Amino acid sequence: MTHPSPASADQAEPLEPDRTAACEPPDAEPEEGPRDWVRLGFLLVTALALGVRVSVLKDASFITDDFMLSARAMENPFSWSYLTRVHTGHFEPIGFAIMWALAHFAPLQWGWTVVALLAGQLVVSVLVWQLLRELFGRHPLILIPYVIFAFTPLTLPAVAWLSAAILWLPLMAALAGALRWHARYLRTGSTPAALAAIAWFLVGCASFEKIAIFVPYVIVYTLALEPGVRLRPRPLLALLRRTWVIWAGYAVAGLLYLAIYLPGYRSLGNDTPVTAPHAGTLSEFTFLSIFRTLIPASFGGPWSWQRVSYALGIVDSPRAFDWVCWVLALVVIVGSLVVRRHVLRFWVALLVYVGGSILTVAAGRVAYGGSIVALETRYLADAAVPLVIALGAALLPVRGQTRPWTSMGQRLRATIPAGVWHGVAVVAALVVISLSFHSMGRYATIATGNPSRAFLENTKSSLAALPDDAQIVDTEVPAGIIGPIFAEYNLVSRYLSPLLDTNRRAEARNRVNYTRPYILDHTGTLVPMAVNTVVPSAGEGCRVVQDGRVVVPLAGPVFEWRWVIRIGYLADAPVTGTVRLGSGTATVPFGKGLGEVFVRVTGSGSRLTITGLPNGVNFCVGDAQVGTPMPKG
């Protein structure tokens with residue numbers, strides 16, 4: 001299947017060959033030597049870029065959501081319902097599959113996590129390289145946009161955080177794969193190419209809901225790859241008739257995606273409405289996204305970062321650095337428009353993608369986080385793919401384009417030797433790499449300063465040394481490693497779940513009475529627990545059983561809270577009773593002899609009662625304390 005030629009001048013302008021144009025004929029193969037040098041350049045750039053990422057990632061660690069998603073993976077089977085659950089608006093079956101595999105086969109092991117992150121980045125890099133080759137052939141200058149993609153700090157925060165990487169890496173892979181095969185389909189009319197593009201679009205649908213931006217972007221991208229098609233009804237309809245297969249495929253895939261996504265979004269626990277920000281906030285967010293984040297990152301920025309959490313940073317460049325980047329961006333865009341025919345469509349396509357990205361992030365984040373969210377580069381990480389396409393189009397003609405130069409461009413090419421242009425491009429790429437190294441080095445001080453690394457190592461070593469009869473008390477995880485915003489996933493039982501076997505995991509979550517309690521301290525170490533007493537029992541003496549119960553008055557009332565109660569007792573035989581504090585109860589076994597037991601109860605009041613005791617049993621309570629857990633000693 002091949003495309004028919006344009007039928008008339010109303011459909012397309014004549015494509016007369018420009019015999020001075022420095023572009024390959026559509027099907028021409030370059031010399032063996034240049035091709036080998038280009039391939040070698042790709043391998044060297046990729047190896048160096050991944051080496052830089054290894055240097056940053058190996059000393060980083062897990063962050064907040066990573067612990068929550070790992071715990072959720074442990075408490076669910078690898079099932080359709082688990083994979084298609086909508087999490088905070090995100091539909092990410094691929095991401096959930098990655099988290100499930102890591103949680104079960106490499107539980108909270110950062111080394112294997114780094115391997116997975118690097119593998120994902122390698123896949124994306126190869127796909128972007130294949131996309132550039134599909135668009136621009138094997139010309140050595142395709143290394144310039146690839147270098148910018150490989151080293152841009154725009155994508156670093158998105159891959160240094162596992163929970164972000166499982167969204168953005170599959171999305172970028174899907175974008176690169178779909179756009180490559182879409183271009184192949186437009187060039188050849190091959191049905192297998194169309195099916196491959198649709199398949200990659202489905203991968204994007206299973207990655208991140210931002211794939212929705214692909215739809216408006218690919219329309220303008222198509223027009224950029226079809227420079228002979230005029231923006232008039234008849235030529236556009238002719239193009240649609242000629243390429244209907246791929247558009248029908250995208251439509252079917254999109255409807256399938258919506259049929260799965262919308263019920264999940266509306267399900268219990270995922271009904272947070274999309275909230276539009278105020279106009280002023282949206283305009284500020286747009287300005288920051290483009291002029292303080294995207295444009296500086298295109299030239300190796302930002303110059304510096306500001307720490308906003310224990311392992312995340314936002315853009316914090318000096319104004320002068322941003323201004324220089326704005327000037328450079330203006331030079332690149334205007335210069336390309338002056339010398340390249342039809343390159344405007346590629347810049348418009350990039351603008352469409354960035355605009356769609358801004359709107360999707362604004363709808364889900366800006367109303368709650370404010371315009372400063374724009375300074376988190378991860379929200380624009382996927383824009384690196386359309387960015388390098390536009391930069392490639394500014395440097396090179398698209399494969400098959402026979403008239404790439406404007407008249408001004410031809411005059412400049414005749415005046416200035418090609419070697420000078422190539423030299424300028426290489427110098428510019430080296431400058432961008434140098435700035436990128438500086439920026440990523442600054443970010444590394446934030447990512448590698450993650451306190452969860454030492455915290456987790458302490459947890460693992462103390463868990464390995466834990467006595468067999470130790471009982472883990474399910475408190476909140478200290479030191480802000482996860483945070484109360486994650487509700488029950490901020491509990492020790494969830495944090496530890498990837499590291500525990502099935503029985504101990506269930507015990508840590510469900511046990512409410514303890515004889516050898518251990519808690520997690522602020523260093524991440526499991527240590528014996530004591531009670532930080534808020535209210536002790538009142539009076540002295542051992543309170544005995546009367547009518548099957550023991551009543552223990554407190555020295556004062558306690559308010560409703562999740563309390564830990566220590567009860568000191570004496571019994572001549574094992575008994576079981578129900579401890580009550582206000583409306584809170586817990587069933588507790590008491591062993592024979594002089595002992596103590598710790599009980600978790602949520603309640604309030606000014607007395608403890610122990611009910612359900614058999615009459616005639618020799619059992620009494622000597623003392624009790626109501627308080628909160630604390631390390632012993």
# chains A, B, ... in the order shown; residues from 1 in each chain; ligands from 1
$ residues_around --residues "Arg562 (chain A)" --least-positions-apart "2" --cutoff "12 Å" --atoms "only C-alpha atoms" --output "PDB file with all heavy atoms, in the first residue's frame"
ATOM      1  N   ASP A 474       2.142  -1.272  65.367  1.00  0.00           N
ATOM      2  CA  ASP A 474       1.806  -0.548  64.135  1.00  0.00           C
ATOM      3  C   ASP A 474       1.600   0.940  64.409  1.00  0.00           C
ATOM      4  O   ASP A 474       0.475   1.435  64.453  1.00  0.00           O
ATOM      5  CB  ASP A 474       0.556  -1.158  63.510  1.00  0.00           C
ATOM      6  CG  ASP A 474       0.410  -0.782  62.044  1.00  0.00           C
ATOM      7  OD1 ASP A 474       1.378  -0.255  61.476  1.00  0.00           O
ATOM      8  OD2 ASP A 474      -0.667  -1.025  61.481  1.00  0.00           O
ATOM      9  N   THR A 475       2.701   1.655  64.569  1.00  0.00           N
ATOM     10  CA  THR A 475       2.636   3.101  64.774  1.00  0.00           C
ATOM     11  C   THR A 475       2.778   3.814  63.431  1.00  0.00           C
ATOM     12  O   THR A 475       2.959   3.185  62.384  1.00  0.00           O
ATOM     13  CB  THR A 475       3.778   3.545  65.694  1.00  0.00           C
ATOM     14  OG1 THR A 475       5.034   3.225  65.063  1.00  0.00           O
ATOM     15  CG2 THR A 475       3.708   2.839  67.032  1.00  0.00           C
ATOM     16  N   GLU A 476       2.746   5.140  63.461  1.00  0.00           N
ATOM     17  CA  GLU A 476       3.053   5.899  62.256  1.00  0.00           C
ATOM     18  C   GLU A 476       4.558   5.880  62.014  1.00  0.00           C
ATOM     19  O   GLU A 476       5.357   5.826  62.955  1.00  0.00           O
ATOM     20  CB  GLU A 476       2.571   7.346  62.404  1.00  0.00           C
ATOM     21  CG  GLU A 476       1.055   7.472  62.414  1.00  0.00           C
ATOM     22  CD  GLU A 476       0.602   8.921  62.434  1.00  0.00           C
ATOM     23  OE1 GLU A 476       1.450   9.813  62.670  1.00  0.00           O
ATOM     24  OE2 GLU A 476      -0.595   9.172  62.203  1.00  0.00           O
ATOM     25  N   VAL A 512      -3.157  -6.217  68.319  1.00  0.00           N
ATOM     26  CA  VAL A 512      -3.434  -5.058  69.178  1.00  0.00           C
ATOM     27  C   VAL A 512      -2.937  -5.277  70.604  1.00  0.00           C
ATOM     28  O   VAL A 512      -3.026  -4.376  71.441  1.00  0.00           O
ATOM     29  CB  VAL A 512      -4.945  -4.712  69.200  1.00  0.00           C
ATOM     30  CG1 VAL A 512      -5.404  -4.267  67.832  1.00  0.00           C
ATOM     31  CG2 VAL A 512      -5.768  -5.892  69.722  1.00  0.00           C
ATOM     32  N   VAL A 558      -8.763  10.974  79.719  1.00  0.00           N
ATOM     33  CA  VAL A 558      -8.002  11.113  78.467  1.00  0.00           C
ATOM     34  C   VAL A 558      -8.989  11.344  77.326  1.00  0.00           C
ATOM     35  O   VAL A 558     -10.110  10.840  77.333  1.00  0.00           O
ATOM     36  CB  VAL A 558      -7.140   9.860  78.180  1.00  0.00           C
ATOM     37  CG1 VAL A 558      -6.040   9.731  79.210  1.00  0.00           C
ATOM     38  CG2 VAL A 558      -7.981   8.589  78.141  1.00  0.00           C
ATOM     39  N   PHE A 559      -8.568  12.135  76.364  1.00  0.00           N
ATOM     40  CA  PHE A 559      -9.426  12.426  75.215  1.00  0.00           C
ATOM     41  C   PHE A 559      -9.341  11.289  74.188  1.00  0.00           C
ATOM     42  O   PHE A 559      -8.492  10.397  74.278  1.00  0.00           O
ATOM     43  CB  PHE A 559      -9.036  13.756  74.568  1.00  0.00           C
ATOM     44  CG  PHE A 559      -7.568  13.860  74.232  1.00  0.00           C
ATOM     45  CD1 PHE A 559      -7.066  13.355  73.030  1.00  0.00           C
ATOM     46  CD2 PHE A 559      -6.686  14.461  75.126  1.00  0.00           C
ATOM     47  CE1 PHE A 559      -5.728  13.444  72.722  1.00  0.00           C
ATOM     48  CE2 PHE A 559      -5.328  14.561  74.819  1.00  0.00           C
ATOM     49  CZ  PHE A 559      -4.841  14.048  73.620  1.00  0.00           C
ATOM     50  N   GLU A 560     -10.235  11.359  73.208  1.00  0.00           N
ATOM     51  CA  GLU A 560     -10.282  10.326  72.175  1.00  0.00           C
ATOM     52  C   GLU A 560      -8.978  10.329  71.375  1.00  0.00           C
ATOM     53  O   GLU A 560      -8.593  11.337  70.792  1.00  0.00           O
ATOM     54  CB  GLU A 560     -11.470  10.596  71.245  1.00  0.00           C
ATOM     55  CG  GLU A 560     -11.734   9.512  70.217  1.00  0.00           C
ATOM     56  CD  GLU A 560     -12.512   8.331  70.784  1.00  0.00           C
ATOM     57  OE1 GLU A 560     -13.031   8.436  71.908  1.00  0.00           O
ATOM     58  OE2 GLU A 560     -12.609   7.303  70.082  1.00  0.00           O
ATOM     59  N   VAL A 564      -1.817   3.686  73.624  1.00  0.00           N
ATOM     60  CA  VAL A 564      -1.202   2.423  74.036  1.00  0.00           C
ATOM     61  C   VAL A 564      -1.314   2.345  75.551  1.00  0.00           C
ATOM     62  O   VAL A 564      -0.952   3.298  76.258  1.00  0.00           O
ATOM     63  CB  VAL A 564       0.278   2.337  73.606  1.00  0.00           C
ATOM     64  CG1 VAL A 564       0.936   1.103  74.224  1.00  0.00           C
ATOM     65  CG2 VAL A 564       0.395   2.282  72.093  1.00  0.00           C
ATOM     66  N   ILE A 565      -1.838   1.234  76.046  1.00  0.00           N
ATOM     67  CA  ILE A 565      -2.052   1.053  77.488  1.00  0.00           C
ATOM     68  C   ILE A 565      -1.134  -0.066  77.984  1.00  0.00           C
ATOM     69  O   ILE A 565      -1.120  -1.162  77.413  1.00  0.00           O
ATOM     70  CB  ILE A 565      -3.523   0.694  77.791  1.00  0.00           C
ATOM     71  CG1 ILE A 565      -4.465   1.733  77.177  1.00  0.00           C
ATOM     72  CG2 ILE A 565      -3.747   0.563  79.289  1.00  0.00           C
ATOM     73  CD1 ILE A 565      -5.921   1.307  77.209  1.00  0.00           C
ATOM     74  N   LEU A 581     -11.588   1.092  77.050  1.00  0.00           N
ATOM     75  CA  LEU A 581     -11.363   2.496  77.393  1.00  0.00           C
ATOM     76  C   LEU A 581     -12.410   3.286  76.640  1.00  0.00           C
ATOM     77  O   LEU A 581     -12.293   3.501  75.430  1.00  0.00           O
ATOM     78  CB  LEU A 581      -9.952   2.951  77.003  1.00  0.00           C
ATOM     79  CG  LEU A 581      -9.641   4.437  77.225  1.00  0.00           C
ATOM     80  CD1 LEU A 581      -9.696   4.789  78.712  1.00  0.00           C
ATOM     81  CD2 LEU A 581      -8.276   4.787  76.646  1.00  0.00           C
ATOM     82  N   GLY A 582     -13.445   3.705  77.352  1.00  0.00           N
ATOM     83  CA  GLY A 582     -14.561   4.358  76.686  1.00  0.00           C
ATOM     84  C   GLY A 582     -15.206   3.417  75.685  1.00  0.00           C
ATOM     85  O   GLY A 582     -15.597   2.298  76.020  1.00  0.00           O
ATOM     86  N   SER A 583     -15.278   3.825  74.411  1.00  0.00           N
ATOM     87  CA  SER A 583     -15.891   2.982  73.383  1.00  0.00           C
ATOM     88  C   SER A 583     -14.885   2.035  72.735  1.00  0.00           C
ATOM     89  O   SER A 583     -15.258   1.201  71.911  1.00  0.00           O
ATOM     90  CB  SER A 583     -16.520   3.860  72.300  1.00  0.00           C
ATOM     91  OG  SER A 583     -15.531   4.685  71.688  1.00  0.00           O
ATOM     92  N   GLY A 584     -13.612   2.160  73.081  1.00  0.00           N
ATOM     93  CA  GLY A 584     -12.594   1.321  72.475  1.00  0.00           C
ATOM     94  C   GLY A 584     -12.371   0.050  73.256  1.00  0.00           C
ATOM     95  O   GLY A 584     -12.252   0.082  74.489  1.00  0.00           O
ATOM     96  N   THR A 585     -12.286  -1.081  72.534  1.00  0.00           N
ATOM     97  CA  THR A 585     -12.094  -2.364  73.201  1.00  0.00           C
ATOM     98  C   THR A 585     -11.032  -3.180  72.476  1.00  0.00           C
ATOM     99  O   THR A 585     -10.776  -2.973  71.287  1.00  0.00           O
ATOM    100  CB  THR A 585     -13.395  -3.185  73.237  1.00  0.00           C
ATOM    101  OG1 THR A 585     -13.817  -3.458  71.888  1.00  0.00           O
ATOM    102  CG2 THR A 585     -14.497  -2.429  73.964  1.00  0.00           C
ATOM    103  N   VAL A 599      -1.511  -2.816  75.176  1.00  0.00           N
ATOM    104  CA  VAL A 599      -2.730  -2.902  74.370  1.00  0.00           C
ATOM    105  C   VAL A 599      -2.912  -1.603  73.583  1.00  0.00           C
ATOM    106  O   VAL A 599      -2.730  -0.512  74.135  1.00  0.00           O
ATOM    107  CB  VAL A 599      -3.981  -3.134  75.265  1.00  0.00           C
ATOM    108  CG1 VAL A 599      -5.208  -3.394  74.403  1.00  0.00           C
ATOM    109  CG2 VAL A 599      -3.747  -4.274  76.240  1.00  0.00           C
ATOM    110  N   ARG A 600      -3.267  -1.731  72.298  1.00  0.00           N
ATOM    111  CA  ARG A 600      -3.623  -0.549  71.488  1.00  0.00           C
ATOM    112  C   ARG A 600      -5.142  -0.417  71.457  1.00  0.00           C
ATOM    113  O   ARG A 600      -5.846  -1.344  71.049  1.00  0.00           O
ATOM    114  CB  ARG A 600      -3.086  -0.683  70.069  1.00  0.00           C
ATOM    115  CG  ARG A 600      -1.589  -0.479  69.954  1.00  0.00           C
ATOM    116  CD  ARG A 600      -1.169  -0.301  68.506  1.00  0.00           C
ATOM    117  NE  ARG A 600      -1.450  -1.470  67.702  1.00  0.00           N
ATOM    118  CZ  ARG A 600      -2.169  -1.472  66.586  1.00  0.00           C
ATOM    119  NH1 ARG A 600      -2.737  -0.358  66.157  1.00  0.00           N
ATOM    120  NH2 ARG A 600      -2.360  -2.586  65.903  1.00  0.00           N
ATOM    121  N   VAL A 601      -5.622   0.749  71.890  1.00  0.00           N
ATOM    122  CA  VAL A 601      -7.057   1.016  71.927  1.00  0.00           C
ATOM    123  C   VAL A 601      -7.295   2.460  71.507  1.00  0.00           C
ATOM    124  O   VAL A 601      -6.554   3.362  71.927  1.00  0.00           O
ATOM    125  CB  VAL A 601      -7.642   0.785  73.344  1.00  0.00           C
ATOM    126  CG1 VAL A 601      -9.077   1.271  73.416  1.00  0.00           C
ATOM    127  CG2 VAL A 601      -7.566  -0.681  73.713  1.00  0.00           C
ATOM    128  N   THR A 602      -8.318   2.681  70.716  1.00  0.00           N
ATOM    129  CA  THR A 602      -8.745   4.041  70.384  1.00  0.00           C
ATOM    130  C   THR A 602      -9.966   4.360  71.227  1.00  0.00           C
ATOM    131  O   THR A 602     -11.033   3.746  71.064  1.00  0.00           O
ATOM    132  CB  THR A 602      -9.092   4.166  68.888  1.00  0.00           C
ATOM    133  OG1 THR A 602      -7.947   3.854  68.117  1.00  0.00           O
ATOM    134  CG2 THR A 602      -9.554   5.584  68.562  1.00  0.00           C
ATOM    135  N   GLY A 603      -9.826   5.264  72.179  1.00  0.00           N
ATOM    136  CA  GLY A 603     -10.944   5.571  73.062  1.00  0.00           C
ATOM    137  C   GLY A 603     -10.650   6.753  73.960  1.00  0.00           C
ATOM    138  O   GLY A 603      -9.626   7.427  73.821  1.00  0.00           O
ATOM    139  N   SER A 604     -11.546   7.008  74.907  1.00  0.00           N
ATOM    140  CA  SER A 604     -11.415   8.116  75.854  1.00  0.00           C
ATOM    141  C   SER A 604     -12.084   7.716  77.159  1.00  0.00           C
ATOM    142  O   SER A 604     -12.765   6.689  77.241  1.00  0.00           O
ATOM    143  CB  SER A 604     -12.078   9.382  75.286  1.00  0.00           C
ATOM    144  OG  SER A 604     -13.471   9.160  75.081  1.00  0.00           O
ATOM    145  N   VAL A 626      -1.753   4.947  80.574  1.00  0.00           N
ATOM    146  CA  VAL A 626      -2.293   5.258  79.246  1.00  0.00           C
ATOM    147  C   VAL A 626      -1.381   6.314  78.632  1.00  0.00           C
ATOM    148  O   VAL A 626      -1.101   7.348  79.253  1.00  0.00           O
ATOM    149  CB  VAL A 626      -3.743   5.786  79.334  1.00  0.00           C
ATOM    150  CG1 VAL A 626      -4.255   6.146  77.943  1.00  0.00           C
ATOM    151  CG2 VAL A 626      -4.646   4.757  79.996  1.00  0.00           C
ATOM    152  N   GLY A 627      -0.898   6.058  77.440  1.00  0.00           N
ATOM    153  CA  GLY A 627       0.013   7.015  76.816  1.00  0.00           C
ATOM    154  C   GLY A 627       0.263   6.703  75.364  1.00  0.00           C
ATOM    155  O   GLY A 627      -0.567   6.104  74.674  1.00  0.00           O
ATOM    156  N   THR A 628       1.446   7.064  74.912  1.00  0.00           N
ATOM    157  CA  THR A 628       1.838   6.862  73.523  1.00  0.00           C
ATOM    158  C   THR A 628       3.128   6.051  73.479  1.00  0.00           C
ATOM    159  O   THR A 628       3.905   6.059  74.441  1.00  0.00           O
ATOM    160  CB  THR A 628       2.061   8.210  72.814  1.00  0.00           C
ATOM    161  OG1 THR A 628       3.016   8.979  73.555  1.00  0.00           O
ATOM    162  CG2 THR A 628       0.755   8.990  72.716  1.00  0.00           C
ATOM    163  N   PRO A 629       3.367   5.354  72.370  1.00  0.00           N
ATOM    164  CA  PRO A 629       4.567   4.524  72.320  1.00  0.00           C
ATOM    165  C   PRO A 629       5.841   5.355  72.215  1.00  0.00           C
ATOM    166  O   PRO A 629       5.864   6.427  71.611  1.00  0.00           O
ATOM    167  CB  PRO A 629       4.354   3.683  71.047  1.00  0.00           C
ATOM    168  CG  PRO A 629       3.382   4.451  70.232  1.00  0.00           C
ATOM    169  CD  PRO A 629       2.511   5.191  71.179  1.00  0.00           C
TER     170      PRO A 629
END
$ residues_around --residues "Gly111 (chain A)" --least-positions-apart "4" --cutoff "12 Å" --atoms "only C-alpha atoms" --output "PDB file with all heavy atoms, in the first residue's frame"
ATOM      1  N   VAL A  54      23.551   7.042  36.143  1.00  0.00           N
ATOM      2  CA  VAL A  54      23.962   6.063  37.157  1.00  0.00           C
ATOM      3  C   VAL A  54      24.602   6.772  38.340  1.00  0.00           C
ATOM      4  O   VAL A  54      24.326   6.452  39.513  1.00  0.00           O
ATOM      5  CB  VAL A  54      24.957   5.047  36.553  1.00  0.00           C
ATOM      6  CG1 VAL A  54      25.586   4.205  37.662  1.00  0.00           C
ATOM      7  CG2 VAL A  54      24.257   4.137  35.572  1.00  0.00           C
ATOM      8  N   LEU A  57      21.691   8.303  40.301  1.00  0.00           N
ATOM      9  CA  LEU A  57      20.689   7.383  40.834  1.00  0.00           C
ATOM     10  C   LEU A  57      21.242   6.437  41.892  1.00  0.00           C
ATOM     11  O   LEU A  57      20.536   6.083  42.843  1.00  0.00           O
ATOM     12  CB  LEU A  57      20.081   6.565  39.703  1.00  0.00           C
ATOM     13  CG  LEU A  57      19.205   7.317  38.702  1.00  0.00           C
ATOM     14  CD1 LEU A  57      18.724   6.386  37.603  1.00  0.00           C
ATOM     15  CD2 LEU A  57      18.007   7.943  39.404  1.00  0.00           C
ATOM     16  N   LYS A  58      22.482   6.004  41.741  1.00  0.00           N
ATOM     17  CA  LYS A  58      22.980   4.964  42.642  1.00  0.00           C
ATOM     18  C   LYS A  58      23.013   5.415  44.099  1.00  0.00           C
ATOM     19  O   LYS A  58      22.906   4.595  45.012  1.00  0.00           O
ATOM     20  CB  LYS A  58      24.374   4.505  42.200  1.00  0.00           C
ATOM     21  CG  LYS A  58      25.482   5.509  42.431  1.00  0.00           C
ATOM     22  CD  LYS A  58      26.822   4.977  41.962  1.00  0.00           C
ATOM     23  CE  LYS A  58      27.950   5.952  42.260  1.00  0.00           C
ATOM     24  NZ  LYS A  58      28.172   6.134  43.702  1.00  0.00           N
ATOM     25  N   ASP A  59      23.145   6.722  44.328  1.00  0.00           N
ATOM     26  CA  ASP A  59      23.188   7.231  45.705  1.00  0.00           C
ATOM     27  C   ASP A  59      21.876   7.864  46.139  1.00  0.00           C
ATOM     28  O   ASP A  59      21.803   8.490  47.192  1.00  0.00           O
ATOM     29  CB  ASP A  59      24.318   8.251  45.839  1.00  0.00           C
ATOM     30  CG  ASP A  59      25.682   7.628  45.639  1.00  0.00           C
ATOM     31  OD1 ASP A  59      25.859   6.477  46.082  1.00  0.00           O
ATOM     32  OD2 ASP A  59      26.560   8.259  45.029  1.00  0.00           O
ATOM     33  N   ALA A  60      20.855   7.746  45.315  1.00  0.00           N
ATOM     34  CA  ALA A  60      19.522   8.232  45.687  1.00  0.00           C
ATOM     35  C   ALA A  60      18.784   7.113  46.428  1.00  0.00           C
ATOM     36  O   ALA A  60      19.383   6.110  46.824  1.00  0.00           O
ATOM     37  CB  ALA A  60      18.767   8.692  44.443  1.00  0.00           C
ATOM     38  N   SER A  61      17.489   7.263  46.595  1.00  0.00           N
ATOM     39  CA  SER A  61      16.717   6.227  47.281  1.00  0.00           C
ATOM     40  C   SER A  61      15.234   6.467  47.031  1.00  0.00           C
ATOM     41  O   SER A  61      14.850   7.318  46.239  1.00  0.00           O
ATOM     42  CB  SER A  61      17.028   6.236  48.785  1.00  0.00           C
ATOM     43  OG  SER A  61      16.452   5.113  49.424  1.00  0.00           O
ATOM     44  N   PHE A  62      14.412   5.711  47.750  1.00  0.00           N
ATOM     45  CA  PHE A  62      12.967   5.795  47.581  1.00  0.00           C
ATOM     46  C   PHE A  62      12.421   7.080  48.205  1.00  0.00           C
ATOM     47  O   PHE A  62      13.013   7.647  49.124  1.00  0.00           O
ATOM     48  CB  PHE A  62      12.295   4.589  48.231  1.00  0.00           C
ATOM     49  CG  PHE A  62      12.726   3.277  47.644  1.00  0.00           C
ATOM     50  CD1 PHE A  62      13.671   2.481  48.289  1.00  0.00           C
ATOM     51  CD2 PHE A  62      12.206   2.827  46.441  1.00  0.00           C
ATOM     52  CE1 PHE A  62      14.077   1.274  47.762  1.00  0.00           C
ATOM     53  CE2 PHE A  62      12.614   1.617  45.894  1.00  0.00           C
ATOM     54  CZ  PHE A  62      13.554   0.835  46.561  1.00  0.00           C
ATOM     55  N   LEU A 102       8.790  -5.235  41.246  1.00  0.00           N
ATOM     56  CA  LEU A 102       9.861  -4.808  42.146  1.00  0.00           C
ATOM     57  C   LEU A 102       9.542  -5.172  43.595  1.00  0.00           C
ATOM     58  O   LEU A 102      10.415  -5.620  44.346  1.00  0.00           O
ATOM     59  CB  LEU A 102      10.084  -3.304  42.017  1.00  0.00           C
ATOM     60  CG  LEU A 102      10.771  -2.824  40.730  1.00  0.00           C
ATOM     61  CD1 LEU A 102      10.767  -1.302  40.657  1.00  0.00           C
ATOM     62  CD2 LEU A 102      12.202  -3.353  40.660  1.00  0.00           C
ATOM     63  N   ALA A 106      12.192  -7.792  44.260  1.00  0.00           N
ATOM     64  CA  ALA A 106      13.313  -7.001  44.771  1.00  0.00           C
ATOM     65  C   ALA A 106      12.775  -5.992  45.777  1.00  0.00           C
ATOM     66  O   ALA A 106      12.870  -4.779  45.566  1.00  0.00           O
ATOM     67  CB  ALA A 106      14.042  -6.296  43.627  1.00  0.00           C
ATOM     68  N   PRO A 107      12.195  -6.470  46.885  1.00  0.00           N
ATOM     69  CA  PRO A 107      11.464  -5.583  47.798  1.00  0.00           C
ATOM     70  C   PRO A 107      12.349  -4.504  48.419  1.00  0.00           C
ATOM     71  O   PRO A 107      13.301  -4.799  49.130  1.00  0.00           O
ATOM     72  CB  PRO A 107      10.919  -6.541  48.866  1.00  0.00           C
ATOM     73  CG  PRO A 107      11.782  -7.761  48.774  1.00  0.00           C
ATOM     74  CD  PRO A 107      12.200  -7.863  47.346  1.00  0.00           C
ATOM     75  N   VAL A 115      18.561  -0.473  38.335  1.00  0.00           N
ATOM     76  CA  VAL A 115      18.674  -1.269  37.109  1.00  0.00           C
ATOM     77  C   VAL A 115      17.413  -1.114  36.260  1.00  0.00           C
ATOM     78  O   VAL A 115      17.483  -0.923  35.035  1.00  0.00           O
ATOM     79  CB  VAL A 115      18.918  -2.752  37.447  1.00  0.00           C
ATOM     80  CG1 VAL A 115      18.803  -3.624  36.197  1.00  0.00           C
ATOM     81  CG2 VAL A 115      20.292  -2.932  38.083  1.00  0.00           C
ATOM     82  N   ALA A 116      16.235  -1.178  36.904  1.00  0.00           N
ATOM     83  CA  ALA A 116      14.983  -1.024  36.165  1.00  0.00           C
ATOM     84  C   ALA A 116      14.859   0.373  35.565  1.00  0.00           C
ATOM     85  O   ALA A 116      14.418   0.537  34.411  1.00  0.00           O
ATOM     86  CB  ALA A 116      13.799  -1.306  37.098  1.00  0.00           C
ATOM     87  N   LEU A 117      15.245   1.403  36.338  1.00  0.00           N
ATOM     88  CA  LEU A 117      15.165   2.775  35.830  1.00  0.00           C
ATOM     89  C   LEU A 117      16.107   2.981  34.650  1.00  0.00           C
ATOM     90  O   LEU A 117      15.740   3.623  33.649  1.00  0.00           O
ATOM     91  CB  LEU A 117      15.510   3.756  36.951  1.00  0.00           C
ATOM     92  CG  LEU A 117      14.518   3.839  38.114  1.00  0.00           C
ATOM     93  CD1 LEU A 117      15.059   4.764  39.204  1.00  0.00           C
ATOM     94  CD2 LEU A 117      13.156   4.316  37.641  1.00  0.00           C
ATOM     95  N   LEU A 118      17.310   2.446  34.739  1.00  0.00           N
ATOM     96  CA  LEU A 118      18.264   2.598  33.639  1.00  0.00           C
ATOM     97  C   LEU A 118      17.812   1.822  32.408  1.00  0.00           C
ATOM     98  O   LEU A 118      17.990   2.290  31.273  1.00  0.00           O
ATOM     99  CB  LEU A 118      19.645   2.126  34.080  1.00  0.00           C
ATOM    100  CG  LEU A 118      20.331   2.997  35.133  1.00  0.00           C
ATOM    101  CD1 LEU A 118      21.631   2.348  35.578  1.00  0.00           C
ATOM    102  CD2 LEU A 118      20.611   4.394  34.585  1.00  0.00           C
ATOM    103  N   ARG A 453      17.443   6.660  52.630  1.00  0.00           N
ATOM    104  CA  ARG A 453      18.419   5.615  52.327  1.00  0.00           C
ATOM    105  C   ARG A 453      18.965   4.997  53.615  1.00  0.00           C
ATOM    106  O   ARG A 453      18.918   3.778  53.809  1.00  0.00           O
ATOM    107  CB  ARG A 453      19.553   6.193  51.481  1.00  0.00           C
ATOM    108  CG  ARG A 453      20.578   5.168  51.017  1.00  0.00           C
ATOM    109  CD  ARG A 453      21.695   5.836  50.223  1.00  0.00           C
ATOM    110  NE  ARG A 453      22.633   4.867  49.699  1.00  0.00           N
ATOM    111  CZ  ARG A 453      22.535   4.279  48.515  1.00  0.00           C
ATOM    112  NH1 ARG A 453      21.504   4.562  47.731  1.00  0.00           N
ATOM    113  NH2 ARG A 453      23.435   3.414  48.116  1.00  0.00           N
TER     114      ARG A 453
END
$ atom_distance --atom1 "CA of Ala238 (chain A)" --atom2 "CA of Gly177 (chain A)"
25.8 Å
$ select_by_dssp --residues "region 454-584 of chain A" --states "helix (DSSP H, G or I)" --output "ChimeraX atom specification"
/A:454-464,484-490,492-499,502-510
$ residues_around --residues "region 498-500 of chain A" --least-positions-apart "2" --cutoff "7 Å" --atoms "only C-alpha atoms" --output "number ranges by chain"
A: 70-71, 74, 103, 107-108, 496, 502, 504-505
